[in-house]
Structures are given as C-alpha cells and as structure tokens.
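Visitor: Sharing query-v6.cif (mmCIF, C-alpha atoms) below.
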```cif
data_query
loop_
_atom_site.label_atom_id
_atom_site.label_comp_id
_atom_site.auth_asym_id
_atom_site.auth_seq_id
_atom_site.Cartn_x
_atom_site.Cartn_y
_atom_site.Cartn_z
CA MET A 252 11.74 -179.10 40.69
CA ALA A 253 13.51 -182.44 40.84
CA ASN A 254 15.93 -183.37 43.59
CA LYS A 255 19.19 -184.15 41.80
CA ILE A 256 21.94 -185.57 43.99
CA SER A 257 24.19 -187.00 41.29
CA GLU A 258 24.41 -183.68 39.46
CA GLN A 259 26.28 -182.26 42.45
CA TYR A 260 29.16 -184.70 42.01
CA PHE A 261 31.64 -182.07 40.80
CA ILE A 262 30.75 -179.44 43.41
CA HIS A 263 30.09 -181.51 46.54
CA LYS A 264 33.14 -181.54 48.80
CA SER A 265 34.65 -184.70 50.22
CA LEU A 266 34.16 -185.40 53.91
CA SER A 267 37.33 -186.53 55.67
CA PRO A 268 37.11 -188.98 58.62
CA LYS A 269 38.30 -186.16 60.91
CA ASN A 270 35.60 -183.76 59.72
CA GLU A 271 32.97 -186.49 59.81
CA LYS A 272 33.79 -187.20 63.45
CA ALA A 273 33.65 -183.49 64.33
CA LEU A 274 30.32 -183.10 62.52
CA LEU A 275 28.78 -186.06 64.33
CA GLU A 276 29.95 -184.76 67.71
CA ARG A 277 28.42 -181.36 66.97
CA VAL A 278 25.09 -182.85 65.87
CA LEU A 279 24.90 -185.17 68.89
CA GLU A 280 25.45 -182.17 71.17
CA GLU A 281 22.85 -180.07 69.34
CA SER A 282 20.24 -182.79 69.20
CA SER A 283 20.69 -184.63 72.52
CA PHE A 284 20.57 -187.84 70.49
CA LEU A 285 22.09 -190.88 72.20
CA LEU A 286 24.02 -192.77 69.51
CA GLU A 287 23.79 -196.55 69.31
CA LYS A 288 25.10 -197.44 65.83
CA GLU A 289 25.41 -196.25 62.24
CA LEU A 290 22.75 -197.66 59.93
CA PHE A 291 24.03 -196.55 56.54
CA ARG A 292 25.63 -193.75 54.56
CA ARG A 293 24.85 -192.41 51.11
CA LYS A 294 27.52 -191.11 48.78
CA ILE A 295 27.79 -189.63 45.29
CA TYR A 296 29.84 -192.43 43.72
CA ASP A 297 33.10 -191.66 45.62
CA THR A 298 33.41 -193.04 49.17
CA SER A 299 34.41 -189.59 50.45
CA LYS A 300 31.55 -187.70 48.76
CA ILE A 301 29.06 -188.46 51.53
CA TYR A 302 25.75 -186.63 51.37
CA ARG A 303 23.72 -188.46 54.02
CA LEU A 304 24.48 -190.24 57.29
CA THR A 305 21.89 -192.21 59.25
CA TYR A 306 22.18 -193.54 62.81
CA GLN A 307 20.08 -195.56 65.22
CA GLY A 308 19.83 -194.56 68.86
CA PHE A 309 17.60 -192.89 71.41
CA TYR A 310 15.87 -189.54 71.72
CA LYS A 311 14.23 -188.70 75.04
CA LYS A 312 14.63 -192.37 76.07
CA LYS A 313 12.77 -193.67 73.01
CA LYS A 314 14.20 -195.51 70.01
CA ALA A 315 14.83 -193.08 67.17
CA VAL A 316 16.76 -192.49 63.95
CA LEU A 317 19.06 -189.53 63.34
CA THR A 318 19.74 -188.41 59.77
CA ILE A 319 22.39 -185.85 58.85
CA ASN A 320 22.05 -184.32 55.38
CA LEU A 321 25.08 -182.70 53.76
CA ILE A 322 23.47 -181.40 50.57
CA GLU A 323 20.84 -178.68 50.53
CA GLN A 324 17.79 -179.87 48.66
CA PRO A 325 14.94 -177.89 47.08
CA LEU A 326 12.68 -179.84 49.42
CA ASP A 327 14.06 -180.42 52.91
CA GLU A 328 13.60 -183.99 54.15
CA ALA A 329 11.85 -182.84 57.32
CA GLU A 330 9.48 -180.79 55.19
CA THR A 331 8.83 -183.87 53.05
CA LEU A 332 7.82 -185.90 56.11
CA SER A 333 5.49 -183.16 57.33
CA LYS A 334 3.84 -182.43 53.98
CA PHE A 335 3.39 -186.09 53.11
CA LYS A 336 1.50 -186.62 56.35
CA ILE A 337 -0.95 -183.87 55.38
CA LYS A 338 -1.53 -185.04 51.80
CA ASN A 339 -1.39 -188.81 52.31
CA LYS A 340 -4.69 -190.60 51.71
CA SER A 341 -3.50 -194.11 52.51
CA SER A 342 -4.13 -195.87 55.82
CA LYS A 343 -1.55 -198.53 54.92
CA ILE A 344 1.46 -196.38 53.99
CA SER A 345 3.38 -193.73 55.90
CA LEU A 346 6.74 -192.03 56.16
CA PRO A 347 8.73 -191.86 59.42
CA THR A 348 7.23 -189.55 62.07
CA LEU A 349 9.34 -186.42 62.53
CA LEU A 350 10.34 -185.64 66.14
CA VAL A 351 12.75 -182.72 65.87
CA GLN A 352 14.92 -181.07 63.23
CA LYS A 353 17.63 -178.51 62.51
CA THR A 354 17.06 -176.73 59.21
CA TRP A 355 19.84 -176.17 56.71
CA ASP A 356 22.84 -174.40 58.22
CA ASP A 357 24.23 -172.51 55.24
CA LYS A 358 27.46 -171.60 56.99
CA ASN A 359 28.38 -175.15 58.06
CA LYS A 360 26.54 -176.91 55.22
CA TYR A 361 24.39 -179.47 57.00
CA SER A 362 20.96 -180.14 58.45
CA TRP A 363 19.66 -182.94 60.61
CA LEU A 364 16.42 -184.53 61.73
CA ILE A 365 15.33 -187.15 64.22
CA ALA A 366 12.43 -189.44 63.43
CA GLU A 367 10.67 -192.20 65.32
CA PHE A 368 12.15 -195.68 65.00
CA ALA A 369 9.62 -198.06 63.43
CA GLU A 370 9.78 -201.70 64.39
CA GLY A 371 9.75 -203.84 61.27
CA LYS A 372 11.79 -205.37 58.48
CA PRO A 373 12.63 -204.31 54.93
CA LEU A 374 10.73 -206.12 52.21
CA ILE A 375 14.12 -207.50 51.19
CA SER A 376 17.57 -206.91 52.67
CA GLU A 377 19.32 -203.75 51.52
CA SER A 378 22.58 -205.66 51.27
CA GLY A 379 24.17 -205.43 47.83
CA ASN A 380 25.24 -209.08 47.90
CA LYS A 381 22.31 -211.04 46.56
CA MET A 382 22.41 -214.50 45.01
CA ASN A 383 19.07 -214.22 43.25
CA PHE A 384 16.16 -211.94 42.47
CA PRO A 385 13.26 -211.42 44.89
CA SER A 386 10.63 -214.16 44.96
CA GLU A 387 7.35 -213.91 43.06
CA ALA A 388 5.57 -213.47 46.40
CA LYS A 389 7.74 -210.41 47.18
CA MET A 390 7.17 -209.10 43.66
CA LYS A 391 3.40 -209.33 44.02
CA GLU A 392 3.55 -207.72 47.45
CA PHE A 393 5.57 -204.80 46.10
CA ALA A 394 3.21 -204.44 43.12
CA ASN A 395 0.20 -204.25 45.47
CA PHE A 396 2.04 -201.70 47.60
CA PHE A 397 2.93 -199.72 44.47
CA GLU A 398 -0.71 -199.55 43.36
CA GLU A 399 -1.76 -198.26 46.78
CA PHE A 400 1.15 -195.80 46.86
CA ARG A 401 0.49 -194.54 43.35
CA THR A 402 -3.24 -194.16 43.96
CA ASN A 403 -3.30 -192.63 47.43
CA CYS A 404 0.13 -191.08 48.06
CA LEU A 405 1.16 -189.43 44.79
CA GLN A 406 -1.89 -187.45 43.78
CA LYS A 407 -0.65 -184.03 44.87
CA ALA A 408 2.91 -182.76 44.63
CA PHE A 409 4.30 -180.82 47.56
CA LEU A 410 7.08 -179.19 45.55
CA LYS A 411 6.63 -176.69 42.75
CA GLN A 412 7.72 -178.00 39.37
CA ASP A 413 10.59 -176.06 37.87
CA PRO A 414 9.98 -175.17 34.18
CA VAL A 415 13.43 -176.66 33.46
CA ASP A 416 12.10 -180.04 34.58
CA ARG A 417 9.01 -180.11 32.37
CA SER A 418 10.72 -181.87 29.45
CA VAL A 419 11.45 -185.57 29.91
CA LEU A 420 13.81 -185.47 26.94
CA ILE A 421 15.92 -182.63 28.36
CA PHE A 422 15.90 -184.18 31.84
CA CYS A 423 17.17 -187.57 30.60
CA MET A 424 19.64 -186.24 28.03
CA ARG A 425 21.17 -183.95 30.64
CA ARG A 426 21.54 -186.89 33.03
CA ALA A 427 23.23 -189.04 30.39
CA VAL A 428 25.72 -186.28 29.55
CA HIS A 429 26.43 -185.74 33.24
CA TRP A 430 27.01 -189.45 33.86
CA SER A 431 29.43 -189.59 30.93
CA LYS A 432 31.39 -186.63 32.35
CA ILE A 433 31.68 -188.36 35.73
CA ALA A 434 32.78 -191.60 34.05
CA GLU A 435 35.48 -189.75 32.09
CA ALA A 436 36.65 -187.88 35.20
CA LYS A 437 36.98 -191.09 37.21
CA SER A 438 38.77 -193.23 34.64
CA GLU A 439 40.22 -193.35 31.15
CA PRO A 440 38.38 -191.90 28.12
CA LEU A 441 35.17 -193.77 27.31
CA ASN A 442 35.80 -196.95 25.34
CA SER A 443 34.14 -197.71 22.01
CA ALA A 444 31.42 -199.90 23.55
CA VAL A 445 30.35 -197.14 25.94
CA THR A 446 30.52 -194.53 23.18
CA ARG A 447 28.31 -196.66 20.93
CA ALA A 448 25.78 -197.19 23.73
CA LEU A 449 25.63 -193.41 24.28
CA GLU A 450 25.22 -192.74 20.57
CA LEU A 451 22.40 -195.27 20.34
CA TYR A 452 20.71 -193.85 23.44
CA PHE A 453 20.83 -190.33 21.96
CA GLU A 454 19.34 -191.72 18.76
CA ILE A 455 16.47 -193.47 20.53
CA ALA A 456 15.73 -190.88 23.25
CA PRO A 457 13.97 -188.21 21.12
CA LEU A 458 11.67 -190.82 19.57
CA TYR A 459 10.22 -191.96 22.88
CA LEU A 460 11.02 -189.35 25.53
CA SER A 461 9.60 -186.28 23.75
CA PRO A 462 5.92 -187.22 24.26
CA MET A 463 6.40 -188.49 27.81
CA LYS A 464 5.45 -186.48 30.91
CA MET A 465 7.24 -185.67 34.14
CA THR A 466 5.26 -186.91 37.13
CA TRP A 467 5.49 -186.52 40.91
CA GLN A 468 7.36 -189.46 42.44
CA HIS A 469 9.30 -190.69 45.44
CA GLY A 470 12.43 -190.89 43.28
CA HIS A 471 14.21 -193.65 45.22
CA LEU A 472 11.56 -196.35 45.63
CA TYR A 473 12.96 -199.86 46.10
CA MET A 474 12.31 -202.94 48.21
CA GLY A 475 15.29 -202.39 50.50
CA GLY A 476 13.91 -198.98 51.49
CA LEU A 477 10.40 -200.25 52.16
CA TYR A 478 9.74 -201.52 55.68
CA LYS A 479 6.84 -203.68 56.74
CA THR A 480 5.95 -202.76 60.31
CA VAL A 481 4.70 -204.98 63.10
CA GLN A 482 1.23 -203.52 62.41
CA ASP A 483 1.43 -205.02 58.88
CA LYS A 484 1.71 -201.57 57.31
CA TYR A 485 4.42 -200.01 55.13
CA LEU A 486 6.96 -197.38 56.04
CA VAL A 487 8.78 -195.71 53.14
CA LEU A 488 12.39 -194.63 53.74
CA SER A 489 15.01 -192.75 51.64
CA ASN A 490 12.97 -189.58 51.49
CA THR A 491 15.59 -187.12 50.22
CA LEU A 492 14.79 -187.57 46.54
CA TRP A 493 11.10 -186.77 46.14
CA GLY A 494 10.54 -184.77 42.98
CA PHE A 495 9.45 -184.87 39.35
CA ARG A 496 10.69 -187.80 37.28
CA PRO A 497 9.78 -189.25 33.87
CA GLU A 498 6.55 -191.21 34.06
CA TYR A 499 7.12 -194.83 35.08
CA TYR A 500 10.68 -194.14 36.22
CA ASP A 501 9.51 -195.58 39.55
CA THR A 502 8.54 -198.88 37.90
CA THR A 503 12.15 -199.42 36.82
CA PHE A 504 14.31 -197.88 39.56
CA HIS A 505 13.87 -200.84 41.90
CA ILE A 506 14.51 -203.35 39.07
CA TRP A 507 17.83 -201.63 38.29
CA TRP A 508 18.70 -201.76 42.01
CA GLU A 509 17.79 -205.44 42.29
CA ILE A 510 19.89 -206.40 39.25
CA LYS A 511 22.97 -204.39 40.21
CA SER A 512 22.84 -205.96 43.70
CA ILE A 513 23.34 -209.47 42.30
CA ARG A 514 26.59 -211.21 43.25
CA ASN A 515 26.05 -214.45 41.37
CA THR A 516 27.86 -214.95 38.06
CA LYS A 517 25.53 -217.81 37.13
CA ILE A 518 22.75 -215.30 36.52
CA GLN A 519 22.77 -214.38 32.84
CA SER A 520 20.87 -211.88 30.73
CA LYS A 521 18.14 -214.43 29.91
CA ASN A 522 17.44 -214.77 33.66
CA ALA A 523 17.35 -211.00 34.13
CA ILE A 524 15.10 -210.54 31.09
CA GLU A 525 12.72 -213.19 32.39
CA TYR A 526 12.64 -211.36 35.73
CA ILE A 527 12.04 -207.97 34.07
CA GLU A 528 9.26 -209.35 31.90
CA LYS A 529 7.49 -210.67 34.99
CA TRP A 530 7.55 -207.11 36.30
CA ARG A 531 6.17 -205.78 33.03
CA SER A 532 3.24 -208.21 33.27
CA LEU A 533 2.65 -207.37 36.92
CA TYR A 534 2.59 -203.64 36.24
CA MET A 535 0.32 -204.01 33.22
CA SER A 536 -2.19 -205.77 35.46
CA LEU A 537 -2.48 -202.76 37.79
CA SER A 538 -5.56 -200.56 37.42
CA SER A 539 -3.51 -197.35 37.45
CA ILE A 540 -1.30 -198.54 34.58
CA LYS A 541 -3.24 -200.91 32.30
CA LYS A 542 -5.30 -198.03 30.90
CA ASP A 543 -2.13 -196.56 29.32
CA PRO A 544 -1.67 -198.22 25.89
CA ASN A 545 1.89 -196.85 25.68
CA PHE A 546 3.10 -198.18 29.03
CA SER A 547 5.26 -200.91 27.51
CA ASN A 548 7.30 -198.52 25.34
CA LYS A 549 7.71 -196.08 28.24
CA PHE A 550 8.80 -198.93 30.51
CA ASP A 551 11.37 -200.02 27.89
CA MET A 552 12.69 -196.47 27.60
CA MET A 553 13.10 -196.08 31.34
CA MET A 554 14.85 -199.45 31.55
CA LEU A 555 17.16 -198.36 28.72
CA GLU A 556 18.04 -195.24 30.72
CA ARG A 557 18.68 -197.28 33.87
CA CYS A 558 20.93 -199.68 31.92
CA LEU A 559 22.90 -196.77 30.46
CA GLY A 560 23.48 -195.34 33.94
CA ALA A 561 24.67 -198.74 35.16
CA ILE A 562 27.13 -199.05 32.27
CA LEU A 563 28.50 -195.52 32.61
CA ILE A 564 28.85 -195.12 36.35
CA ASP A 565 26.86 -197.34 38.73
CA ILE A 566 28.54 -200.74 38.41
CA ASP A 567 32.06 -199.39 38.71
CA ASN A 568 31.22 -197.33 41.80
CA GLN A 569 29.11 -199.52 44.05
CA HIS A 570 30.33 -201.51 47.05
CA TYR A 571 31.67 -205.04 46.69
CA LYS A 572 32.61 -206.99 49.81
CA SER A 573 34.91 -209.19 47.74
CA GLY A 574 35.51 -210.26 44.16
CA ALA A 575 35.04 -206.71 42.85
CA LYS A 576 36.80 -207.29 39.52
CA MET A 577 34.83 -210.46 38.77
CA TYR A 578 31.43 -209.02 39.73
CA LYS A 579 32.03 -205.73 37.88
CA LYS A 580 32.83 -207.63 34.69
CA HIS A 581 29.78 -209.85 35.11
CA LEU A 582 27.38 -206.99 35.84
CA LEU A 583 28.73 -204.78 33.06
CA ASN A 584 28.23 -207.57 30.53
CA LEU A 585 24.77 -208.18 31.95
CA PHE A 586 23.74 -204.54 31.64
CA TYR A 587 25.18 -204.25 28.12
CA GLU A 588 23.05 -207.20 27.08
CA LEU A 589 20.00 -205.68 28.77
CA PHE A 590 20.69 -202.34 27.09
CA ASN A 591 20.76 -204.12 23.73
CA TYR A 592 17.56 -205.98 24.56
CA PHE A 593 15.64 -202.76 25.20
CA ALA A 594 17.27 -200.89 22.30
CA PHE A 595 16.21 -203.70 19.96
CA ARG A 596 12.68 -203.68 21.36
CA LEU A 597 12.45 -199.92 20.77
CA ILE A 598 14.04 -199.52 17.32
CA GLY A 599 15.38 -202.90 16.26
CA ILE A 600 19.06 -201.95 16.70
CA LYS A 601 21.74 -203.14 19.13
CA SER A 602 24.79 -201.22 20.34
CA LYS A 603 27.27 -204.03 19.64
#
```
Write the structure described by the file as structure tokens, please.

Guide:
Amino acid sequence: MANKISEQYFIHKSLSPKNEKALLERVLEESSFLLEKELFRRKIYDTSKIYRLTYQGFYKKKKAVLTINLIEQPLDEAETLSKFKIKNKSSKISLPTLLVQKTWDDKNKYSWLIAEFAEGKPLISESGNKMNFPSEAKMKEFANFFEEFRTNCLQKAFLKQDPVDRSVLIFCMRRAVHWSKIAEAKSEPLNSAVTRALELYFEIAPLYLSPMKMTWQHGHLYMGGLYKTVQDKYLVLSNTLWGFRPEYYDTTFHIWWEIKSIRNTKIQSKNAIEYIEKWRSLYMSLSSIKKDPNFSNKFDMMMLERCLGAILIDIDNQHYKSGAKMYKKHLLNLFYELFNYFAFRLIGIKSK
C-alpha cells in the first residue's frame, strides 16, 4: 500500500491555532518532552491543513525531536523506524533512533513519537528560497548516497502492497485527477493551458506508464531531508511517506523540489533542462540503473508527472517569503516549459 497524504485533502480537517496549542500541551504532558523550538510543519496545500508538526527539545535530559502526526497512515512512522533498522543493510545510512511513542489515538486523531537528535547538517538547506541549483559536488554526493540507499536499504518492503497500487498507470492517473480537483476547488475553473497539459498527459500516460512497475521507496527523498552527521554518515528524515511508487519516482522527486524552491527569475528553462540532464547522466552511470535500457523514458515520464503536479497545485500553494506573485508566475512558466520539453521527448508534441 502507498502512503498518500495529498489524497486526504478533502477529508482532513483544518487545525485552528487554538486547537494546535491545546494539542501540543496535551502531547508535552503525555510525553514529558521539554520543548525548545518548532523545527517545521507539513501541510496538505492549505496552511490550516496541518498533518505533521516537528519540534526540537529534550527528553530525559538528552537532545531529542518530537513529531506529532495528525493523519493515520497504513504504516506508522514509529513502525517505519523500527522495521527499517531490522532490514537495513547499510553501515552508512540510518533513520532516526526511536526513543518512545504513542500509537494512533483514534478518538483524538493523533499520534506522536520522540527520536534521538542527530548532530549534523542537511545536504542542502531546506529553505524554499534558493538562488541556484545545488553544486555538482552536492549532486555527485547525493547520487553516491542514492546508489547505497537503493542497493542496501530498499531491498525488502516492510509494508504489504495493496492490489490497488500494483498499476503505475492507475496510480498516476488517479493522482492527476485528484490534483485537478484540488486546483478547481481552490481557484477558478482550470484555464485552457492547464486543460491542454492534462489532456496531453492523459494521452502520453498509457504509452509509458502501463509497462512500468511499482517499487518500494522512501517516497519523500530530497537533499533537504538528508542529514550528514558528524560521523560522516547519512540520516534520512521525512519518514511518513514510505510506500510503493512508480519505478524511478525517487530519481525525480528531489529534482522537482529543487526547481520549485528557486527564487531567482534569471533562471530559465534552458538552465533547468541543463541541470536535469546532468542528473540523467549521473543516474545512468549508477550500477543499479545503467542496466535498465528503458531508464531514460521512465525518467522522462516521472519528470512529466512532477511537472504536471507543479502546474496544477504545487507552485500556487507553497510558501513565499516575499514576491509571491512574481515567483509564482516565473515558476509556472518554467514548469510549463519543462512539461513541454518532456512531452516532446516522449511523443514529439507540446501542450502549447
């Protein structure tokens, strides 16, 4: 089964500041966690639709991290940390060490866990205000990490695959329809450019997605959620979305995140394409990937899906410290051009 946060957009209730404060007070009392500061919060597009809160502080006089989850998942995060530790074959990669947890409270709709605080730094800042793409040195480091992760951390799933999630085509088409419904609910009816992109995506998808496989993945793998510890090892964060995804989805998720985090209008589609093509070359050099003669088409298809998601919902609903209107326009144009680039590579047609 795949963990699907975005598909709960229409049913997940908003969390008011008053209720958030009451929830935090309850969890602090239950857990004996000494709060220092909030680290980050995750939401389903709307600022009030919070599904995860993470804090730094102390547990039993030691630095620790408290995470409160507000959506019940098929695989509980605490269970993920425990099962990964058992199945992990890498000496270089780990997930946070679980200290204590409260399992899902169905009446009050939350769970929490406390994990050890790991000293280290993210591979790149998680801030969504970047002037440029990561350096080639960071790219190569992430590629090396990815090969180790793919080879020694993803060999055995620790969640049963739901028959519904066996078809890549159904999985991706369902996501696209869901994104379009959210986009329509949050704004005016879809404009002609968006409609044409959707039509083209639905035309291309069956040609390339039907033969693809669903594979066991982290689901939210990106440089900002990857910490390098003081022991020169890697700690993988954002562990609520492990599940089955289309093969090579994890080679494109972080690229989508890196592009949508750009706040520099001088960066144009040619710069983004050059960056993406460097990633393609890097991935095709990896032992676990270069043996697949169809990797390039699959990579293009997953990038097309990521671009569609950006156009429909992501760009309009991410955080901007300032200049929101300017950066939204720039990023939307950028992702339209990228969508056309991958559509043309796949079938020789552009959306506009």

Visitor: Find the residues with any atom within 7 Å of (18.3, -192.8, 26.2); use only C-alpha atoms and the coordinates as given in the file, and write the answer as number ranges by chain.

Guide: A: 423-424, 452-453, 455-456, 552, 555-556

Visitor: Since I can't run it myself right now, could you work out what the PyMOL selection byres ((chain A and resi 462) around 10) selects here and report it as a PyMOL selection string?

Guide: chain A and resi 418-420+457-461+463-464+549

Visitor: Kindly export the residues of the current selection with C-alpha atoms, as a short mmCIF file (atom, residue, chain, number, x, y, z; two decimals), keeping the file's coordinate frame.

Guide:
```cif
data_model
loop_
_atom_site.label_atom_id
_atom_site.label_comp_id
_atom_site.auth_asym_id
_atom_site.auth_seq_id
_atom_site.Cartn_x
_atom_site.Cartn_y
_atom_site.Cartn_z
CA SER A 418 10.72 -181.87 29.45
CA VAL A 419 11.45 -185.57 29.91
CA LEU A 420 13.81 -185.47 26.94
CA PRO A 457 13.97 -188.21 21.12
CA LEU A 458 11.67 -190.82 19.57
CA TYR A 459 10.22 -191.96 22.88
CA LEU A 460 11.02 -189.35 25.53
CA SER A 461 9.60 -186.28 23.75
CA MET A 463 6.40 -188.49 27.81
CA LYS A 464 5.45 -186.48 30.91
CA LYS A 549 7.71 -196.08 28.24
#
```

Visitor: Which residues would end up in the selection if the PyMOL selection byres ((chain A and resi 282) around 12) were applied here, given that I need the answer as a list in words?

Guide: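 Written out, the selection comes to Leu275, Glu276, Arg277, Val278, Leu279, Glu280, Glu281, Ser283, Phe284, Leu285, Leu286, Gly308, Phe309, Tyr310, Lys311, Ala315, Val316, Leu317, Thr318, Ile319, Leu350, Val351, Gln352, Lys353, Ser362, Trp363, Leu364, Ile365 and Ala366 of chain A.
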
Visitor: Between stretch 482-529 of chain A and stretch 539-545 of chain A, at 12 Å or less, what are the per-residue closest atom pairs and their distances in Å? Count only C-alpha atoms, order by chain and rising residue number, and return it as a Markdown table.

Guide:
```
| residue | atom | partner | partner_atom | distance |
| --- | --- | --- | --- | --- |
| A:Glu498 | CA | A:Ile540 | CA | 10.8 |
| A:Tyr499 | CA | A:Ile540 | CA | 9.2 |
| A:Thr502 | CA | A:Ile540 | CA | 10.4 |
```

Visitor: Taking the file as shown, what set of residues would the PyMOL selection byres ((chain A and resi 344) around 12) give back, as a PyMOL selection string?

Guide: chain A and resi 335-336+338-343+345-347+395-405+477-480+482-488

Visitor: My structure is short of atoms at stretch 399-413 of chain A; please model N, CA and C atoms there, returning them as a PDB file, in the coordinates of the input.

Guide:
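This is the output file result-v1.pdb:
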```
ATOM      1  N   GLU A 399      -1.235-199.066  45.675  1.00  0.00           N
ATOM      2  CA  GLU A 399      -1.760-198.260  46.780  1.00  0.00           C
ATOM      3  C   GLU A 399      -1.006-196.935  46.889  1.00  0.00           C
ATOM      4  N   PHE A 400       0.302-196.995  46.764  1.00  0.00           N
ATOM      5  CA  PHE A 400       1.150-195.800  46.860  1.00  0.00           C
ATOM      6  C   PHE A 400       0.843-194.833  45.726  1.00  0.00           C
ATOM      7  N   ARG A 401       0.757-195.359  44.535  1.00  0.00           N
ATOM      8  CA  ARG A 401       0.490-194.540  43.350  1.00  0.00           C
ATOM      9  C   ARG A 401      -0.891-193.894  43.408  1.00  0.00           C
ATOM     10  N   THR A 402      -1.855-194.632  43.931  1.00  0.00           N
ATOM     11  CA  THR A 402      -3.240-194.160  43.960  1.00  0.00           C
ATOM     12  C   THR A 402      -3.505-193.174  45.087  1.00  0.00           C
ATOM     13  N   ASN A 403      -2.930-193.420  46.254  1.00  0.00           N
ATOM     14  CA  ASN A 403      -3.300-192.630  47.430  1.00  0.00           C
ATOM     15  C   ASN A 403      -2.185-191.761  48.031  1.00  0.00           C
ATOM     16  N   CYS A 404      -0.981-191.849  47.481  1.00  0.00           N
ATOM     17  CA  CYS A 404       0.130-191.080  48.060  1.00  0.00           C
ATOM     18  C   CYS A 404       0.799-190.124  47.076  1.00  0.00           C
ATOM     19  N   LEU A 405       0.461-190.232  45.800  1.00  0.00           N
ATOM     20  CA  LEU A 405       1.160-189.430  44.790  1.00  0.00           C
ATOM     21  C   LEU A 405       0.238-188.493  44.016  1.00  0.00           C
ATOM     22  N   GLN A 406      -0.931-188.238  44.538  1.00  0.00           N
ATOM     23  CA  GLN A 406      -1.890-187.450  43.780  1.00  0.00           C
ATOM     24  C   GLN A 406      -1.568-185.961  43.747  1.00  0.00           C
ATOM     25  N   LYS A 407      -0.961-185.453  44.812  1.00  0.00           N
ATOM     26  CA  LYS A 407      -0.650-184.030  44.870  1.00  0.00           C
ATOM     27  C   LYS A 407       0.812-183.800  45.230  1.00  0.00           C
ATOM     28  N   ALA A 408       1.498-183.075  44.377  1.00  0.00           N
ATOM     29  CA  ALA A 408       2.910-182.760  44.630  1.00  0.00           C
ATOM     30  C   ALA A 408       3.017-181.742  45.755  1.00  0.00           C
ATOM     31  N   PHE A 409       4.077-181.840  46.542  1.00  0.00           N
ATOM     32  CA  PHE A 409       4.300-180.820  47.560  1.00  0.00           C
ATOM     33  C   PHE A 409       5.606-180.079  47.303  1.00  0.00           C
ATOM     34  N   LEU A 410       5.951-179.985  46.002  1.00  0.00           N
ATOM     35  CA  LEU A 410       7.080-179.190  45.550  1.00  0.00           C
ATOM     36  C   LEU A 410       6.710-178.616  44.203  1.00  0.00           C
ATOM     37  N   LYS A 411       6.963-177.336  44.011  1.00  0.00           N
ATOM     38  CA  LYS A 411       6.630-176.690  42.750  1.00  0.00           C
ATOM     39  C   LYS A 411       7.533-177.202  41.644  1.00  0.00           C
ATOM     40  N   GLN A 412       6.935-177.492  40.495  1.00  0.00           N
ATOM     41  CA  GLN A 412       7.720-178.000  39.370  1.00  0.00           C
ATOM     42  C   GLN A 412       8.455-176.860  38.678  1.00  0.00           C
ATOM     43  N   ASP A 413       9.759-177.035  38.564  1.00  0.00           N
ATOM     44  CA  ASP A 413      10.590-176.060  37.870  1.00  0.00           C
ATOM     45  C   ASP A 413      10.355-176.209  36.366  1.00  0.00           C
TER      46      ASP A 413
END
```
